[in-house]
>>> print(open('entry11.txt').read())   # compact mmCIF, C-alpha atoms
# COMPACT_ATOMS: atom_id res chain seq x y z
CA VAL A 1 0.00 0.00 0.00
CA GLY A 2 1.52 3.31 -1.08
CA GLY A 3 1.14 6.83 0.26
CA PHE A 4 -0.27 5.79 3.62
CA ARG A 5 -0.64 8.92 5.73
CA VAL A 6 -2.75 10.87 8.23
CA VAL A 7 -4.54 13.78 6.55
CA GLU A 8 -6.48 15.14 9.54
CA THR A 9 -6.38 14.88 13.31
CA SER A 10 -8.88 15.86 15.99
CA LEU A 11 -9.50 15.06 19.66
CA ARG A 12 -10.86 11.56 19.01
CA ARG A 13 -10.22 10.87 15.36
CA LEU A 14 -7.44 10.22 12.87
CA ARG A 15 -8.37 10.47 9.18
CA LEU A 16 -6.24 8.09 7.12
CA ALA A 17 -5.59 8.03 3.36
CA TRP A 18 -3.56 5.90 0.95
CA GLY A 19 -3.14 5.07 -2.74
CA GLY A 20 -5.45 2.32 -3.94
CA LEU A 21 -4.18 -0.99 -5.40
CA ALA A 22 -5.73 -2.74 -8.36
CA GLY A 23 -7.14 -6.22 -7.77
CA VAL A 24 -7.37 -6.08 -3.98
CA THR A 25 -10.58 -7.15 -2.28
CA GLY A 26 -10.04 -5.02 0.84
CA TYR A 27 -7.72 -3.44 3.34
CA ARG A 28 -7.21 -4.25 7.00
CA VAL A 29 -6.42 -1.37 9.33
CA TYR A 30 -4.78 -2.04 12.73
CA TRP A 31 -4.28 0.45 15.56
CA SER A 32 -3.06 0.58 19.16
CA SER A 33 -2.35 3.43 21.56
CA SER A 34 0.82 4.35 23.43
CA LEU A 35 -0.88 3.15 26.64
CA GLY A 36 -0.17 -0.45 25.67
CA GLU A 37 -3.79 -1.43 25.07
CA PRO A 38 -4.57 -4.51 22.87
CA GLU A 39 -4.34 -3.85 19.16
CA GLN A 40 -7.64 -3.50 17.30
CA SER A 41 -8.38 -3.95 13.58
CA ARG A 42 -11.05 -3.47 10.99
CA LEU A 43 -11.53 -4.83 7.45
CA ILE A 44 -12.75 -2.31 4.85
CA GLY A 45 -13.61 -2.55 1.16
CA GLY A 46 -11.07 -2.63 -1.67
CA ASP A 47 -12.50 0.43 -3.38
CA VAL A 48 -11.87 2.63 -0.33
CA THR A 49 -8.80 4.88 -0.13
CA SER A 50 -9.54 6.75 3.12
CA PHE A 51 -10.81 5.82 6.56
CA ASP A 52 -11.79 7.66 9.75
CA LEU A 53 -10.38 6.01 12.83
CA ASP A 54 -12.95 7.17 15.42
CA GLY A 55 -13.39 6.67 19.16
CA LEU A 56 -9.79 7.42 20.03
CA ARG A 57 -8.59 9.20 23.17
CA PRO A 58 -7.34 12.79 23.09
CA GLY A 59 -3.65 13.54 23.32
CA LEU A 60 -2.43 9.97 22.76
CA SER A 61 0.04 8.55 20.27
CA TYR A 62 -1.27 5.72 18.05
CA THR A 63 0.54 3.20 15.91
CA VAL A 64 -1.57 2.53 12.80
CA ARG A 65 -0.90 -0.26 10.26
CA ILE A 66 -2.57 -1.07 6.97
CA ALA A 67 -2.33 -4.20 4.85
CA ALA A 68 -3.86 -5.05 1.46
CA VAL A 69 -6.17 -8.08 1.41
CA MET A 70 -6.72 -10.28 -1.64
CA GLU A 71 -9.30 -13.00 -1.07
CA ASP A 72 -8.03 -14.81 2.02
CA ARG A 73 -4.49 -13.54 1.83
CA GLU A 74 -3.13 -10.47 3.60
CA GLY A 75 -0.10 -8.58 2.37
CA GLU A 76 2.69 -7.08 4.39
CA ALA A 77 1.49 -4.17 6.52
CA ILE A 78 3.05 -0.75 6.59
CA SER A 79 2.75 1.46 9.66
CA ILE A 80 2.78 5.07 10.75
CA VAL A 81 2.63 6.78 14.16
CA ALA A 82 0.28 9.71 14.75
CA SER A 83 -1.27 11.51 17.71
CA THR A 84 -4.75 12.77 18.40
CA ALA A 85 -5.15 16.41 19.32
CA PRO A 86 -4.72 17.12 23.05
CA LEU A 87 -7.49 18.49 25.22
CA GLN A 88 -6.98 22.24 25.38
CA PRO A 89 -7.10 24.27 28.59
CA VAL A 90 -9.25 27.38 28.86
CA THR A 91 -7.57 30.67 28.02
CA GLY A 92 -7.79 34.10 29.56
CA LEU A 93 -8.39 32.86 33.11
CA ARG A 94 -8.21 35.78 35.54
CA VAL A 95 -9.65 37.12 38.78
CA SER A 96 -11.55 40.21 37.67
CA GLU A 97 -12.85 41.18 41.11
CA VAL A 98 -11.97 40.22 44.66
CA THR A 99 -13.52 41.15 48.01
CA GLN A 100 -13.12 40.06 51.61
CA THR A 101 -14.98 36.78 51.06
CA SER A 102 -15.35 36.29 47.30
CA ALA A 103 -13.54 36.25 43.97
CA LEU A 104 -14.99 36.61 40.48
CA LEU A 105 -13.26 34.42 37.88
CA ASP A 106 -13.48 35.01 34.11
CA TRP A 107 -12.26 32.86 31.21
CA ALA A 108 -12.85 32.45 27.47
CA VAL A 109 -15.55 29.93 26.60
CA LEU A 110 -13.89 26.95 24.89
CA PRO A 111 -15.59 25.59 21.74
CA GLY A 112 -16.48 21.92 22.02
CA ALA A 113 -16.40 21.84 25.82
CA SER A 114 -19.42 20.29 27.50
CA GLY A 115 -18.74 22.09 30.78
CA TYR A 116 -16.05 23.15 33.24
CA VAL A 117 -14.79 22.00 36.62
CA LEU A 118 -13.76 24.86 38.90
CA SER A 119 -11.60 24.09 41.96
CA TRP A 120 -10.15 26.29 44.68
CA ARG A 121 -8.21 26.04 47.91
CA ASP A 122 -6.12 28.33 50.10
CA THR A 123 -2.42 28.03 49.35
CA GLN A 124 -1.56 27.17 52.96
CA GLY A 125 -3.74 24.07 52.84
CA LEU A 126 -5.85 25.14 55.81
CA GLU A 127 -9.12 24.53 53.98
CA GLU A 128 -10.55 21.57 52.09
CA LEU A 129 -10.35 21.57 48.31
CA GLN A 130 -13.65 22.81 46.86
CA ARG A 131 -15.09 21.94 43.42
CA GLN A 132 -17.93 23.34 41.36
CA SER A 133 -19.32 22.24 37.97
CA VAL A 134 -20.10 25.08 35.55
CA PRO A 135 -22.19 24.85 32.34
CA ALA A 136 -20.45 25.01 28.96
CA SER A 137 -22.00 28.36 28.02
CA VAL A 138 -20.69 30.12 31.14
CA GLY A 139 -17.35 31.95 31.14
CA SER A 140 -17.39 33.36 34.66
CA TYR A 141 -18.14 32.28 38.22
CA ARG A 142 -18.13 34.02 41.60
CA VAL A 143 -16.53 31.93 44.33
CA THR A 144 -17.95 32.80 47.75
CA GLY A 145 -17.26 31.73 51.32
CA LEU A 146 -13.57 32.67 51.21
CA HIS A 147 -11.64 33.90 54.25
CA LEU A 148 -10.08 37.33 54.49
CA GLY A 149 -6.29 37.53 54.51
CA ARG A 150 -5.71 34.22 52.70
CA GLN A 151 -4.32 33.55 49.26
CA TYR A 152 -6.25 31.12 47.09
CA ALA A 153 -5.33 29.02 44.09
CA PHE A 154 -8.12 28.66 41.51
CA THR A 155 -8.16 26.17 38.62
CA VAL A 156 -10.55 25.68 35.72
CA GLN A 157 -10.62 22.47 33.65
CA PRO A 158 -12.79 22.06 30.53
CA VAL A 159 -14.85 18.89 30.24
CA PHE A 160 -15.30 17.10 26.91
CA GLY A 161 -17.90 14.42 27.49
CA SER A 162 -16.21 11.95 29.81
CA GLU A 163 -12.78 13.53 29.37
CA VAL A 164 -11.39 16.33 31.54
CA GLY A 165 -8.94 18.72 29.89
CA LEU A 166 -5.82 20.41 31.15
CA GLU A 167 -6.25 22.91 33.94
CA ALA A 168 -5.59 26.64 33.84
CA ALA A 169 -4.63 28.20 37.16
CA VAL A 170 -4.51 31.61 38.82
CA GLN A 171 -3.89 32.81 42.38
CA GLU A 172 -5.39 35.76 44.23
CA ARG A 173 -5.62 37.05 47.79
CA THR A 174 -8.80 38.25 49.45
CA VAL A 175 -8.66 41.94 50.35
CA CYS A 176 -10.16 44.43 52.76
CA THR A 177 -12.21 46.74 50.57
CA GLU A 178 -14.13 48.81 53.10
CA GLY A 179 -11.64 51.29 54.52
CA ASP A 180 -8.08 52.28 55.36
CA VAL A 181 -6.07 52.17 58.56
CA ASP A 182 -2.77 53.16 60.14
CA LEU A 183 -1.46 49.74 61.16
CA VAL A 184 1.51 49.21 63.50
CA PHE A 185 2.96 45.82 64.40
CA VAL A 186 4.99 45.38 67.60
CA VAL A 187 7.13 42.29 67.02
CA PRO A 188 9.44 40.24 69.27
CA GLY A 189 12.80 40.52 67.54
CA SER A 190 15.30 38.78 69.79
CA ARG A 191 17.44 35.87 68.66
CA GLU A 192 15.30 33.68 70.91
CA SER A 193 12.35 34.43 68.63
CA SER A 194 14.20 33.52 65.45
CA GLN A 195 12.80 29.98 65.45
CA SER A 196 9.38 31.52 64.80
CA ALA A 197 10.66 34.09 62.33
CA GLU A 198 8.98 32.68 59.24
CA ALA A 199 5.66 32.17 61.03
CA ILE A 200 5.71 35.76 62.33
CA ARG A 201 6.69 37.25 58.98
CA SER A 202 3.98 35.21 57.29
CA LEU A 203 1.35 36.56 59.68
CA LEU A 204 2.42 40.16 59.14
CA TYR A 205 2.61 39.62 55.38
CA SER A 206 -0.87 38.12 55.22
CA VAL A 207 -2.51 40.97 57.12
CA ALA A 208 -0.64 43.76 55.31
CA ALA A 209 -1.28 42.17 51.90
CA MET A 210 -5.05 42.29 52.36
CA PHE A 211 -4.93 46.05 51.71
CA PRO A 212 -4.70 46.53 47.93
CA ARG A 213 -3.38 50.10 48.15
CA VAL A 214 -0.73 51.45 50.52
CA GLY A 215 0.26 55.08 50.89
CA PRO A 216 -0.54 58.41 52.53
CA ARG A 217 -4.09 58.40 51.13
CA ASN A 218 -4.72 54.72 51.79
CA THR A 219 -3.55 52.21 54.37
CA GLN A 220 -0.17 52.71 56.02
CA VAL A 221 1.90 50.06 57.78
CA GLY A 222 4.72 50.38 60.30
CA VAL A 223 6.78 47.77 62.14
CA LEU A 224 8.66 47.95 65.44
CA VAL A 225 10.82 45.12 66.81
CA TYR A 226 11.61 44.71 70.48
CA SER A 227 13.68 42.71 72.95
CA SER A 228 15.28 44.46 75.93
CA ARG A 229 14.97 47.59 73.79
CA ALA A 230 12.69 48.74 71.00
CA LYS A 231 13.72 49.63 67.46
CA VAL A 232 11.80 50.98 64.48
CA TRP A 233 12.01 48.73 61.44
CA PHE A 234 10.00 51.10 59.26
CA LEU A 235 7.64 54.01 59.90
CA LEU A 236 4.05 54.40 58.75
CA ASN A 237 5.01 56.93 56.11
CA ARG A 238 8.08 55.06 54.86
CA HIS A 239 6.38 53.29 51.94
CA SER A 240 3.78 54.25 49.37
CA SER A 241 3.37 50.85 47.68
CA ARG A 242 2.18 47.50 48.96
CA ASP A 243 5.03 45.63 47.27
CA ASN A 244 7.65 47.65 49.17
CA VAL A 245 5.88 47.08 52.48
CA LEU A 246 5.66 43.34 51.87
CA GLN A 247 9.30 43.18 50.84
CA GLU A 248 10.40 44.85 54.09
CA ILE A 249 8.13 42.61 56.16
CA GLN A 250 9.88 39.59 54.69
CA ALA A 251 13.17 41.04 55.95
CA VAL A 252 12.11 41.83 59.54
CA PRO A 253 15.20 40.94 61.65
CA PHE A 254 15.35 38.59 64.62
CA ASP A 255 18.87 39.34 65.84
CA GLU A 256 18.40 41.43 68.97
CA THR A 257 19.84 40.43 72.35
CA PRO A 258 17.46 38.52 74.66
CA GLY A 259 14.75 40.53 76.36
CA ASN A 260 11.01 40.97 76.44
CA ASN A 261 10.14 44.54 77.43
CA ILE A 262 6.79 44.72 75.70
CA GLY A 263 5.58 47.69 77.74
CA GLN A 264 8.59 49.73 76.72
CA ALA A 265 7.99 48.73 73.11
CA VAL A 266 4.37 49.90 73.24
CA THR A 267 5.44 53.25 74.68
CA PHE A 268 8.12 53.52 72.02
CA ALA A 269 5.48 52.82 69.32
CA GLN A 270 3.27 55.57 70.71
CA GLN A 271 6.13 58.06 70.77
CA TYR A 272 7.81 57.26 67.46
CA LEU A 273 5.31 55.52 65.15
CA LEU A 274 1.87 56.76 66.16
CA THR A 275 2.75 60.41 65.58
CA PRO A 276 2.06 62.88 62.76
CA GLN A 277 5.79 63.00 61.99
CA ALA A 278 5.80 59.23 61.41
CA GLY A 279 2.66 59.36 59.27
CA ARG A 280 -0.17 58.96 61.79
CA ARG A 281 -3.33 60.63 60.46
CA PRO A 282 -5.90 62.03 62.94
CA ARG A 283 -8.99 61.10 60.91
CA THR A 284 -7.87 57.59 60.01
CA PRO A 285 -8.50 54.60 62.34
CA ALA A 286 -5.34 53.19 63.86
CA VAL A 287 -4.49 49.71 65.10
CA LEU A 288 -1.58 48.57 67.24
CA VAL A 289 -1.01 44.80 67.03
CA ILE A 290 1.13 43.38 69.83
CA LEU A 291 2.83 40.05 69.05
CA ALA A 292 4.13 38.30 72.16
CA ASN A 293 5.75 34.92 72.75
CA ALA A 294 6.37 35.35 76.49
CA LYS A 295 5.12 37.34 79.47
CA SER A 296 6.36 40.93 79.44
CA THR A 297 9.29 41.57 81.78
CA ASP A 298 8.05 45.11 82.39
CA ASP A 299 4.62 46.65 82.91
CA LEU A 300 2.49 46.33 79.78
CA LEU A 301 -0.91 47.40 81.11
CA ALA A 302 -0.19 51.11 81.64
CA PRO A 303 1.50 51.70 78.25
CA ALA A 304 -1.32 49.82 76.50
CA ALA A 305 -3.92 51.91 78.30
CA ALA A 306 -2.09 55.08 77.27
CA VAL A 307 -2.23 54.03 73.62
CA ARG A 308 -5.91 53.13 73.86
CA ALA A 309 -6.63 56.53 75.40
CA THR A 310 -5.49 58.19 72.17
CA GLY A 311 -8.20 56.32 70.21
CA VAL A 312 -5.92 53.60 68.84
CA SER A 313 -7.35 50.09 68.80
CA VAL A 314 -5.07 47.56 70.47
CA LEU A 315 -5.07 43.91 69.40
CA ALA A 316 -2.75 41.11 70.50
CA VAL A 317 -1.48 37.80 69.20
CA GLY A 318 0.03 35.48 71.79
CA PHE A 319 2.00 32.33 71.03
CA GLY A 320 4.61 30.17 72.68
CA GLN A 321 4.77 31.15 76.36
CA ALA A 322 2.76 34.37 76.09
CA ASP A 323 0.53 35.33 79.02
CA ALA A 324 -2.97 35.37 77.52
CA GLU A 325 -4.46 37.12 80.55
CA GLU A 326 -1.86 39.90 80.42
CA LEU A 327 -2.64 40.41 76.75
CA ARG A 328 -6.39 40.40 77.36
CA ARG A 329 -6.06 43.18 79.93
CA SER A 330 -3.97 45.19 77.44
CA VAL A 331 -6.23 45.11 74.39
CA THR A 332 -9.27 47.21 73.49
CA ASP A 333 -12.17 46.67 75.89
CA SER A 334 -10.03 44.08 77.72
CA SER A 335 -11.98 41.69 75.52
CA SER A 336 -10.83 38.16 74.78
CA ARG A 337 -12.16 38.56 71.23
CA ASN A 338 -9.32 41.02 70.61
CA VAL A 339 -6.68 38.47 71.68
CA LEU A 340 -5.68 35.59 69.42
CA VAL A 341 -3.70 32.74 70.97
CA ALA A 342 -1.63 29.97 69.38
CA ARG A 343 0.62 27.44 71.08
CA SER A 344 2.74 26.60 68.04
CA ASP A 345 3.91 28.08 64.77
CA ALA A 346 1.48 25.82 62.93
CA GLN A 347 -1.41 27.21 64.97
CA LEU A 348 -0.12 30.73 64.32
CA ALA A 349 -0.69 30.12 60.61
CA ARG A 350 -4.37 29.51 61.35
CA LEU A 351 -4.75 32.96 62.88
CA HIS A 352 -4.13 34.88 59.64
CA GLY A 353 -7.80 35.14 58.77
CA SER A 354 -8.91 36.00 62.30
CA LEU A 355 -6.39 38.83 62.68
CA ALA A 356 -7.25 40.10 59.20
CA ASP A 357 -10.94 40.19 60.17
CA LEU A 358 -10.19 42.21 63.33
CA VAL A 359 -7.99 44.75 61.55
CA CYS A 360 -10.37 45.14 58.61
CA ALA A 361 -13.25 45.70 61.03
CA VAL A 362 -11.43 48.71 62.45
CA ALA A 363 -10.61 50.00 58.97
CA SER A 364 -14.23 49.70 57.89
CA GLY A 365 -15.55 51.47 60.97
CA SER A 366 -17.36 48.45 62.45
CA GLY A 367 -14.74 48.61 65.19
CA GLN A 368 -13.68 46.44 68.07
CA GLY A 369 -15.93 47.92 70.74
CA PRO A 370 -16.77 51.28 72.22
CA GLU A 371 -13.17 52.40 72.49
CA VAL A 372 -12.69 51.98 68.75
CA ARG A 373 -15.88 53.57 67.42
CA PRO A 374 -15.47 56.92 69.19
CA CYS A 375 -12.01 57.28 67.65
CA THR A 376 -13.27 58.53 64.29
CA VAL A 377 -16.01 60.63 65.88
CA GLN A 378 -13.83 62.43 68.43
CA CYS A 379 -10.89 63.12 66.14
CA PRO A 380 -11.53 66.91 66.23
CA LYS A 381 -10.76 66.84 69.96
CA GLY A 382 -7.53 65.10 69.17
CA GLU A 383 -6.63 67.88 66.74
CA LYS A 384 -7.04 70.50 69.48
CA GLY A 385 -4.42 68.68 71.50
CA GLU A 386 -1.93 68.45 68.62
CA PRO A 387 0.06 71.62 69.30
CA GLY A 388 1.19 70.20 72.65
CA GLU A 389 1.97 66.83 71.08
CA LYS A 390 4.00 68.40 68.32
CA GLY A 391 6.24 70.06 70.89
CA LYS A 392 7.09 66.68 72.42
CA LYS A 393 7.44 64.96 69.10
CA GLY A 394 10.07 67.41 67.92
CA ARG A 395 12.49 65.97 70.49
CA ASP A 396 11.44 62.42 69.73
CA GLY A 397 11.92 62.97 66.03
CA ILE A 398 15.65 63.56 66.54
CA ASP A 399 16.09 60.21 68.23
CA GLY A 400 14.08 58.54 65.51
CA GLN A 401 16.47 59.86 62.87
CA ASN A 402 19.42 58.45 64.74
CA GLY A 403 17.74 55.07 64.72
CA GLU A 404 17.49 54.85 60.93
CA PRO A 405 21.23 54.58 60.19
CA GLY A 406 21.41 51.76 62.74
CA ARG A 407 18.78 49.83 60.81
CA ASP A 408 20.50 50.44 57.47
CA GLY A 409 23.71 49.04 58.88
CA ILE A 410 22.25 45.65 59.77
CA PRO A 411 23.18 43.95 56.46
>>> encode(input="entry11.txt", output="structure tokens")
Amino acid sequence: VGGFRVVETSLRRLRLAWGGLAGVTGYRVYWSSSLGEPEQSRLIGGDVTSFDLDGLRPGLSYTVRIAAVMEDREGEAISIVASTAPLQPVTGLRVSEVTQTSALLDWAVLPGASGYVLSWRDTQGLEELQRQSVPASVGSYRVTGLHLGRQYAFTVQPVFGSEVGLEAAVQERTVCTEGDVDLVFVVPGSRESSQSAEAIRSLLYSVAAMFPRVGPRNTQVGVLVYSSRAKVWFLLNRHSSRDNVLQEIQAVPFDETPGNNIGQAVTFAQQYLLTPQAGRRPRTPAVLVILANAKSTDDLLAPAAAVRATGVSVLAVGFGQADAEELRRSVTDSSSRNVLVARSDAQLARLHGSLADLVCAVASGSGQGPEVRPCTVQCPKGEKGEPGEKGKKGRDGIDGQNGEPGRDGIP
């Protein structure tokens, strides 16, 4: 048989053609896939010079043989190898809108698909994998029931009858869309805390990343590290982009000498981060988040009360050997709902969403209790007191400037 070739391929079909031979009574076509399945064959008429090999599987390689048949004799077969077309993934998959608890996915409708399988899960593996079937005519779907402050991986696979195509994937993080905040983290930065460094950085990263815009007209973030002393890592007004904030969070140091003066750190935050010179805005809600992995070696309650008295919401995250009762008495309303507790780094990872919810509530104005809500209402009174504060802050500003070169010299 001469000129044996494949003239067309599709998902489930190979169209074969060859040059006819005079005097033959038929042709026998054999085929088998690269999966090692048993070879199949079919006898066709002698006046036929093309044949559609149907019912094949997409994306597989097939060995196809053809032999001329004359009466009861079969000639030597010749063979070729060809592949069916692979199942195509969807194109244009993107997250076109994201909120605190939902994400809207869009993709291009794929011709020939009988439907789609949409899957999603948080990238930390804290939630079960979810799946949803979507009709073939639909090119978008809103995923609901997500948790704030978590990053999710979404996949879409087209379905062709009983076959499922390749998946297209995209990742997106839920965001706080209802307000802005001046957010300060007070972080244990001694060498003793270095074993939890990645877990702490991950928590800070997750909460800061839920704000899509960072800058003087949006959310601002500052970080202070403490041990036996406190040190500014970066001020509220240091960065005007989320990427820069997240990059610096990933580099928060844990190289200070042992010590756990949390009260001193809170006072330092009030004097050097929660000030107009550092970027604090009087009409914007503010949150101080205390991270603690041991009981404070100095008085924490009075400094925390002083911060709360200025209208700043105080939250706390305790882990390791932190004193949960000490933290409860330090936070807004002395309420246990404003204290999150974990006994291990793995449990700390599960607090991302809870801390994000608390911070976003302050940003949106829903607040953490009576001490938080009056903050935005009584800001004019705060402005009246500013002249006195500015006098004090002038002295503090000098010390703050001296601290910056020290931080730059760490590398």
>>> closest_residue(input="entry11.txt", among="A:Ser196, A:Ser102, A:Thr25, A:Gln157", to="Asp72 of chain A", atoms="all atoms listed in the file")
A:Thr25
>>> atom_distance(input="entry11.txt", atom1="atom CA of Glu198 of chain A", atom2="atom CA of Ser344 of chain A")
12.4 Å
>>> residues_near_point(input="entry11.txt", point="(-6.5, 22.4, 29.8)", cutoff="12 Å", atoms="all atoms listed in the file", output="PyMOL selection string")
chain A and resi 58-59+86-93+110+113+116-118+155-160+163-169
>>> atom_distance(input="entry11.txt", atom1="atom CA of Asp180 of chain A", atom2="atom CA of Ala363 of chain A")
5.0 Å
>>> closest_residue(input="entry11.txt", among="A:Leu288, A:Thr174, A:Leu327, A:Asn244", to="Leu224 of chain A", atoms="all atoms listed in the file")
A:Leu288
>>> closest_residue(input="entry11.txt", among="A:Gly311, A:Gly149, A:Pro285, A:Gly279", to="Gly215 of chain A", atoms="only C-alpha atoms")
A:Gly279
>>> atom_distance(input="entry11.txt", atom1="atom CA of Ala316 of chain A", atom2="atom CA of Asn338 of chain A")
6.6 Å
>>> closest_atom_pairs(input="entry11.txt", of="segment 206-293 of chain A", to="segment 151-154 of chain A", cutoff="12 Å", atoms="all atoms listed in the file", output="Markdown table")
| residue | atom | partner | partner_atom | distance |
| --- | --- | --- | --- | --- |
| A:Ser206 | CA | A:Gln151 | CA | 8.3 |
| A:Val207 | CA | A:Gln151 | CA | 11.0 |
| A:Ala209 | CA | A:Gln151 | CA | 9.5 |
| A:Met210 | CA | A:Gln151 | CA | 9.3 |
>>> residues_around(input="entry11.txt", residues="Gln100 of chain A", least_positions_apart="3", cutoff="10 Å", atoms="all atoms listed in the file", output="ChimeraX atom specification")
/A:103,144-150,173-178,210,356-357,360
>>> residues_around(input="entry11.txt", residues="Arg213 of chain A", least_positions_apart="4", cutoff="7 Å", atoms="only C-alpha atoms", output="number ranges by chain")
A: 218-219, 241-242
>>> residues_around(input="entry11.txt", residues="segment 292-307 of chain A", least_positions_apart="3", cutoff="6 Å", atoms="all atoms listed in the file", output="JSON, numbers by chain")
{"A": [260, 261, 262, 263, 267, 310, 318, 319, 320, 321, 322, 323, 330]}
>>> residues_around(input="entry11.txt", residues="Phe51 of chain A", least_positions_apart="2", cutoff="10 Å", atoms="all atoms listed in the file", output="ChimeraX atom specification")
/A:6,14-18,29,44,48-49,53-54
>>> residues_near_point(input="entry11.txt", point="(-0.1, 6.7, 12.5)", cutoff="9 Å", atoms="all atoms listed in the file", output="VMD selection string")
chain A and resid 4 to 6 14 16 31 61 to 65 79 to 83
